[in-house]
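Notes to accompany the following structure.
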Amino acid sequence: MTELVVACAIGLLASSGVWLLLRPRTFQVAIGLSMLSYAVNLFIFVMGRLRLGAAPVVEAGKAANPAAFADPLPQALVLTAIVIGFATTALLLVVLLAARGFSGTDHVDGRESNR
Amino acid sequence: MTLTEHLVMLPIVLPLAAGSITLVIDERRLALKAAISVGAALLQVAAAVALVRLADESFATVYPIGNWPAPFGIVLVVDRLAAILVLLTCVLGVAALVFSLARWQRAGPRFHSLVQFLLMGVNGAFLTGDLFNLFVFFEVLLAASYGLALHGSGGVRVGASLHYVVVNLTASLLLLVGISLIYGATGTLNMADLALRWRDAAPPDRALFEAGAAILGVAFLVKAGMWPLCFWLQRTYSAASAPAAALFAVLTKVGVYAVLRTGLLFGTGSEATPSVGTPWLAYGGMATIAFGALGVLASQDMGRLASYSVLVSSGTLLAAIAIGSTPLTGAALYYLVVSTLALSALFLLVELVERGRRPGAEILAVTAEAFGAGEDEGEELEIGIAIPAATALLGLSFAGCAIMLAGLPPLAGFIGKFAILNALLVADPVPAASWALLALLVGSGMATIIAMARAGVRRFWATSDGYVPRVRAIELVPIALLLALCVALTVGAGTLIRYLDQGARALHAPGGYVDRVLGR
């Protein structure tokens, strides 16, 4: 059941992200990319398999049985991915504002399409 | 661990150090920054030469970072392929930095730091033996390239960069999905360990692994610029400032390298059925050549011509890798080296030839003023002297680039293409895909020579305004250096092809690489 909920949540985030990514306004694109990166981060996290009630850290002074713990590697990976995604999104926002300043429009092509 | 093995870290540590130091130095002390930056780039070339020799002596040198053994820690691996590509990157770095001394380094803030971080990312991507670490180095080089694509500012650059950033961010997300699928299916990220483990994966995991590898491949192909994933490329590359574009010439090759490396490691591993030889890659590569050749013919602007030439070069490499016999891979690697050198020279040259004609030049002057750099130095303190006979020298260099890219004798471009054609025709019977690639290669050479001759005639012979671009000697030096390297590689083609052929043989028999990395 947990798997289904998590999978649906990731799917919802990813599909919203893709839809927003294909919109013509730069702000929509930025939000779309953020949602996509949330989806991907969650995806990396669950690739270590979902485990309920598993301890995150080894107890002091006891021999550790790796099978009883959640996989720590995806957690390390997802931290790296979050930091990198955060930084690049910040950079995208700057480029987006600069493009708005130069072109006078927030259309991704720098000019309004004729409707 | 011997001292020479620590050399493996240098192409990553040196630019990191130089980039960080130039970052904290005040923007007004540009001469100091430039000295540190160029000095670090020259040291990188020296380190890369040492790595090339190291790779020649021993099959593959493995450097465990933090001394953690292979499947658990991250390793750097130097084999012939990685070493020669690192050397190529460092040479381009020196050329671009020296070129920028005349004026481009003043066009925006923190130019030297960005170039150094770009070099760090590219070198790291070539050297690493870990899939997630590859992603991290991709991000390092992409972040620096976003900065460099924006260098000089202006509406055109910012508009092109917006597309470039969005497309590459999306591709990076695909890369992450691929990597995490592969980790979920096999439980490892070390490339050598993966090459062993994916075969033993149980059926549901096997399907996950294959899906992950396919998504990973798509992400790499976006960076490599395969049609139809390449539409971001020509606009960004033709809008970028000259030294940045000269460095970008190697970025698509990082994607090609990643396809080659992971494809051969995760392949079936037998010589008869080459792993990445999925027909899709061959068709995609050929479509890229056709698209690039049409684009070259259609380009009025020389910057766009150069950008489409990047696509032709990328497509040739992808198709050759996909058809993938061992001698073909060796020939393709030789073509990779010489075509990247020629493309880089062309990007530098285009800016000089078009200087004063392009609207971008005025924007550059305005931003340089607005930014306030070089106010007190003024025009006359530009480094180097304006040289006479500039047009003649530019024309000669342009002809050199055209001959290299079109693959006409006597320069190295011809040898590269000839080696590829030769390797295509040794199979008996020659498959249809090889004939198609052969026709496309000859056709794209024809398109290139027509387009470049037309552009050359228009710029150098038929100029009615008598306009002579003001060119500094220091701007011609890097172009001359790159073209001289092309000539040297023409003369020394045998040595390099032999070296790369051994590299290709090692790539096609990944067992040795795997054993070396895992210390078995």
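Residue numbers start at 1 in each chain; chains themselves are named A, B, ... in the order of the structure tokens; ligands are numbered from 1 in the order shown.
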
Write out as an mmCIF file with C-alpha atoms, in the first residue's frame which residues come within 12 Å of range 78-81 of chain A when counting only C-alpha atoms, dropping same-chain ones fewer than 4 positions away.
data_model
loop_
_atom_site.group_PDB
_atom_site.id
_atom_site.type_symbol
_atom_site.label_atom_id
_atom_site.label_comp_id
_atom_site.auth_asym_id
_atom_site.auth_seq_id
_atom_site.Cartn_x
_atom_site.Cartn_y
_atom_site.Cartn_z
ATOM 1 C CA SER A 37 13.434 17.478 -9.541
ATOM 2 C CA TYR A 38 11.268 16.733 -6.468
ATOM 3 C CA ALA A 39 9.888 13.731 -8.279
ATOM 4 C CA VAL A 40 13.365 12.549 -9.256
ATOM 5 C CA ASN A 41 14.702 13.058 -5.733
ATOM 6 C CA LEU A 42 11.883 10.983 -4.264
ATOM 7 C CA PHE A 43 12.514 8.398 -6.963
ATOM 8 C CA ILE A 44 16.199 8.106 -6.045
ATOM 9 C CA PHE A 45 15.210 7.774 -2.407
ATOM 10 C CA VAL A 46 12.787 4.898 -2.966
ATOM 11 C CA MET A 47 15.263 3.117 -5.215
ATOM 12 C CA GLY A 48 16.891 2.006 -1.958
ATOM 13 C CA PRO A 72 22.073 4.569 3.356
ATOM 14 C CA LEU A 73 23.555 5.059 -0.114
ATOM 15 C CA PRO A 74 20.446 6.461 -1.873
ATOM 16 C CA GLY A 85 19.294 20.782 -8.164
ATOM 17 C CA PHE A 86 18.790 23.662 -5.754
ATOM 18 C CA ALA A 87 21.860 25.521 -7.006
ATOM 19 C CA THR A 88 21.024 25.081 -10.676
ATOM 20 C CA THR A 89 17.413 26.168 -10.124
ATOM 21 C CA PHE B 132 27.199 8.879 -9.719
ATOM 22 C CA ASN B 133 30.538 10.668 -9.654
ATOM 23 C CA PHE B 135 26.857 12.797 -12.802
ATOM 24 C CA VAL B 136 28.534 15.123 -10.301
ATOM 25 C CA PHE B 137 31.308 16.038 -12.751
ATOM 26 C CA GLU B 139 26.980 19.021 -13.196
ATOM 27 C CA LEU B 169 18.680 20.561 -16.429
ATOM 28 C CA SER B 172 20.452 15.887 -15.864
ATOM 29 C CA LEU B 173 17.188 14.766 -14.260
ATOM 30 C CA LEU B 175 20.583 11.051 -15.907
ATOM 31 C CA LEU B 176 19.598 10.828 -12.242
ATOM 32 C CA VAL B 177 16.595 8.619 -13.017
ATOM 33 C CA ILE B 179 21.506 6.130 -12.347
ATOM 34 C CA SER B 180 19.040 5.429 -9.559
#

Please report, as a PyMOL selection string, each residue of chain A to which DSSP assigns helix (DSSP H, G or I) when run on this structure's backbone.
-> chain A and resi 2-21+26-46+66-68+72-103

Select all residues from chain B having any atom no more than 9 Å from an atom of chain A (counting only C-alpha atoms, ignoring ligands), output as a PyMOL selection string.
-> chain B and resi 132+136+139+143+146+150+154-156+158-163+165-166+169-170+173-174+176-177+179-181+183-185+187

Mind pulling up the distance from CA of Trp280 in chain B to CA of Gly512 in chain B?
->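 So the two atoms, CA of Gly512 in chain B and CA of Trp280 in chain B, lie 28.0 Å apart.
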
Find the distance between CA of Gly11 in chain A and CA of Gly53 in chain A and write it in Å to one decimal.
->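 Atom-to-atom, CA of Gly11 in chain A and CA of Gly53 in chain A are spaced 24.6 Å apart.
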
All residues 7 Å or closer to range 390-406 of chain B, only C-alpha atoms, same chain fewer than 2 positions away omitted, as JSON, numbers by chain | {"B": [339, 342, 346, 387, 388, 408, 411, 412, 413, 414, 445, 446, 448, 449, 452, 460, 468, 471]}

When you draw a straight line from CA of Ala201 in chain B to CA of Gly263 in chain B, how long is it in Å?
->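 Going from CA of Ala201 in chain B over to CA of Gly263 in chain B covers 17.6 Å.
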